[in-house]
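Only one structure is covered here, and it is reproduced in the block below.
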Amino acid sequence: MKKIMGLLVMVMLMLVAAGCSKEPTPEDRFAAYIKLWNDQKFDQMYDLLTDGSKEVISKEDFTTRYQKIYEDIQIKDLKVTFDKPGDNEELPKDQESVTYDFSATMNSIAGPIEFTHKAKLKKEERDKKNNWYVDWNTTYIFPELKDGDKIGISSSTPKRGQILDRAGNGLAVNGQVYEVGVVPGKLEGQKETVIQQLSSLLKMTPDQINKALSASWVKPDLFVPLKKVSMDDQERIAQLIALEPVQTKKVGARIYPYKEAAAHLIGYVGSITAEELEKRKDKGYSSNDVIGKRGLEEVFDEQLKGKSGITITIKKPDGSTELLAEKPVEDGPDIKLTIDIDLQASLYAELVGEAGTGAALDPVSGETLALVSSPSFDPNQAALGFSTDEWNQLQDHPQKPMTTRFNKAYAPGSVFKPITASVGLTNNVITPEQTMDISGLKWQKGASWGNYFVTRVHEANPVNLEKAMVFSDNIYFAQTALGIGKDAFTAGLKEFGFEEESDFPFPLETSTIGKLDKEIALADSGYGQGQIQMSIVHLLQSYTPFANGGKMIKPTLVLDVAKTEKHVVSPEIATTISEMLRKVVGDAEGTAHGAEIADYPLAGKTGTAEIKQKQGETGTENGFFMAYNTNSPSLLVAMMVENVQGRGGSQIPVKKVKNVFMQMK
């Protein structure tokens, strides 16, 4: 038995020894090479090359070339495979080389690349041991890539998509401007004089001009561009070309035909900065791109930009090329808005000279028809580049023309009262017939309020909901909010979209309720003061139920987007409030009677919101007015004008909104 066991052990040891002495197979060796390749471990791949390959290329050059090519054309998802021979396919012992077919697939900046090729392995002795090594050449990178060839990358820029209004009018279009420059050789003998004239006409400093003229690439006979000028600026162009060394040429540019009227909504474009490029480096942007800087140009930039066409070629020493991969250019799609540019221009014209905002909505479809902020700026000049003086003037202007107001949240004042009424009626805290006994022009709940009073302008007693709406009675709505209570009032406002982040394409500040932890805060909130804050777009949204049988419509800005609606009040409550809003305009004593138009029944609500730190202080006032036609509710207009104190209060926007309806009726 011991002899048998001993024999078995000897046999096993012999088998193990035979296994250990077995030479490596070429397929295992190539499999190891391919694994390193897939992992892009190029330095380790080099160690598996034949001595002959290493004589042709150094390890540093081998590693650097792979890395540079893969980085330049942004290789991802690399997968190299080969079919191993079957177990029964043994090589003759004296065979010194073997060839395998392999396949490679990868994604590049210009799309997918795939190829099949043959790899040759040779048996070589190193350190007294035989092994298999890859007989490498440049065609292993790409079959078409021979010694002396180079990889070339070229791109074609897509056309930026245009922004259009609902009728197809261009709000941001691709047009042309004049590029103004000089030929340095023609400045001889008059350089200083011409530079001074150019400095004045182009609003550039002499240093800026001299810096452009001293760039390393500049030659005496080459055109040196200095600044782009609008084609509308014919007088300045005439003065410029009168200077002998000055030349102009037409170049492509973004044009904004409606200038200040739509500047805050549409925005403008400009050259991408290093910081902006860093944020977008994984989204197909390059250092030569022009991107949206404000407004919808910025909001929809990735969509409008389109996709650059990329071509990867192999450049031969004789100048010929072979295509490796190509991704066709994709122009940016046009974006068609719900905006009516005629209404937009009309609203802006009414606000010229004022600081404020105007907006319009179709209360049935939810389509936003106008979004205006005043004062404004010329987006064409912004796209071409403001001079330092021009920029400083905009920044130092007391009315802040660079501030977009239609997306900011403001205390709404009395235009908020229909919302309080809706919540009160829904919770059965008030009824249309119910009256409140209110005496005098000021009121407080009790001595605990100290010196704080809610005040009103028009004295009436008793007061029902209709009178309170027509006279805009702060005390009535303060008492209504207290009757509703903090929790029910908060829940009711949330039904109207408060504290809800908006998905409106143009980013809006969230409308907030604030803290209602004290009775005074709750009372003030009932008439749109306290900490209540609303954007004018949300104001429009909150009025849609009164023209819609109780359904609140979410505003849209891009044409042909599906309507979203929800019931926030009953049809009966919506009708009740709408009829009262009609009387606010139609009743001779109504606060908005100045907006009455014969045979055109407007319903509306005025509001004056005080902007001050505490009662007793003299603060500023913003005047509001909301209005829609009860017979044909296809247009709901809202306007806010800042600093109306001592100038007519809310009657300023009342007159302006009336003018808009007169023009659009």
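Chain identifiers are assigned as A, B, and so on, following the order in which chains appear in the structure tokens; residues are numbered from 1 within each chain, and ligands are numbered from 1 in order of appearance.
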
Requested in this report: Run DSSP on the backbone and grab whatever in segment 392-595 of chain A lands in strand (DSSP E or B); send it over as a VMD selection string.
Outcome: chain A and resid 409 to 410 435 to 436 442 to 443 454 to 455 463 to 464 512 533 to 535 551 to 553 556 558 565 to 567

Determine, for each residue of segment 581-616 of chain A having at least one atom at most 12 Å from an atom of segment 542-562 of chain A, the closest pair of atoms and their separation in Å to one decimal, counting only C-alpha atoms; order by chain and ascending number, as a tab-separated table.
```
residue	atom	partner	partner_atom	distance
A:Leu581	CA	A:Phe546	CA	9.0
A:Arg582	CA	A:Phe546	CA	10.8
A:Leu602	CA	A:Ala547	CA	11.4
A:Ala603	CA	A:Ala547	CA	9.6
A:Gly604	CA	A:Tyr543	CA	9.6
A:Lys605	CA	A:Tyr543	CA	10.2
```

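Taking atom CA of Thr576 of chain A as the reference point, atom CA of Pro653 of chain A is found at 24.8 Å.
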
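Atom pair atom CA of Leu539 of chain A / atom CA of Pro412 of chain A has a distance of 8.2 Å (rounded to one decimal).
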
Requested in this report: Take atom CA of Leu636 of chain A and atom CA of Glu495 of chain A and report the distance between them in Å, one decimal.
Outcome: 20.5 Å

Requested in this report: Determine, counting only C-alpha atoms, which protein, DNA and RNA residues have an atom within 7 Å of an atom of Val429 of chain A; residues of the same chain fewer than 3 positions away are not included. Present the result as a ChimeraX atom specification.
Outcome: /A:424-425,483-484

Name the residues in contact with Lys408 of chain A at a cut-off of 7 Å, using only C-alpha atoms, excluding same-chain residues fewer than 5 positions from it; report them as a PDB file with N, CA and C atoms, in the first residue's frame.
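Here's the written file part_1.pdb:
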```pdb
ATOM      1  N   LEU A 508     -38.136  81.840 -12.264  1.00  0.00           N
ATOM      2  CA  LEU A 508     -38.887  82.803 -11.470  1.00  0.00           C
ATOM      3  C   LEU A 508     -38.557  82.634  -9.996  1.00  0.00           C
ATOM      4  N   GLU A 509     -38.539  83.742  -9.276  1.00  0.00           N
ATOM      5  CA  GLU A 509     -38.421  83.644  -7.827  1.00  0.00           C
ATOM      6  C   GLU A 509     -39.694  83.018  -7.276  1.00  0.00           C
ATOM      7  N   SER A 535     -44.256  86.868  -7.854  1.00  0.00           N
ATOM      8  CA  SER A 535     -43.797  87.376  -9.149  1.00  0.00           C
ATOM      9  C   SER A 535     -45.017  87.766  -9.965  1.00  0.00           C
TER      10      SER A 535
END
```

Query raised in the report: Which neighbours of Gly332 of chain A fall inside 10 Å, counting only C-alpha atoms, when residues of the same chain fewer than 4 positions from it are skipped, and could you give them as a ChimeraX atom specification?
Result: /A:158-162,301-308

Requested in this report: Excluding Glu124 of chain A and any residue of its chain fewer than 6 positions from it, enumerate the residues within 10 Å of it, using only C-alpha atoms, and give them as an MDAnalysis selection string.
Outcome: chainID A and resid 50:51 96:97 130:133

Residues from last step as file, N, CA and C atoms, as a short mmCIF file (atom, residue, chain, number, x, y, z; two decimals), in the first residue's frame:
```
data_model
loop_
_atom_site.label_atom_id
_atom_site.label_comp_id
_atom_site.auth_asym_id
_atom_site.auth_seq_id
_atom_site.Cartn_x
_atom_site.Cartn_y
_atom_site.Cartn_z
N THR A 50 7.84 43.25 -29.39
CA THR A 50 9.07 42.57 -29.84
C THR A 50 10.25 43.53 -29.78
N ASP A 51 11.44 42.95 -29.77
CA ASP A 51 12.64 43.79 -29.76
C ASP A 51 12.69 44.66 -31.01
N GLU A 96 7.70 29.98 -35.09
CA GLU A 96 8.27 31.16 -34.45
C GLU A 96 7.34 32.39 -34.48
N SER A 97 6.24 32.34 -35.24
CA SER A 97 5.32 33.49 -35.30
C SER A 97 3.90 32.98 -35.53
N ASN A 130 11.71 31.48 -23.37
CA ASN A 130 10.96 31.82 -24.57
C ASN A 130 9.59 32.40 -24.19
N ASN A 131 9.20 33.39 -24.97
CA ASN A 131 7.86 33.95 -24.77
C ASN A 131 7.41 34.61 -26.07
N TRP A 132 6.16 34.99 -26.10
CA TRP A 132 5.58 35.59 -27.31
C TRP A 132 5.43 37.10 -27.11
N TYR A 133 5.77 37.85 -28.18
CA TYR A 133 5.72 39.30 -28.12
C TYR A 133 5.02 39.85 -29.37
#
```

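Minimum atom-to-atom distance to Lys515 of chain A, evaluated using only C-alpha atoms, belongs to A:Lys486 out of A:Gly492, A:Val269, A:Lys486, A:Val177.
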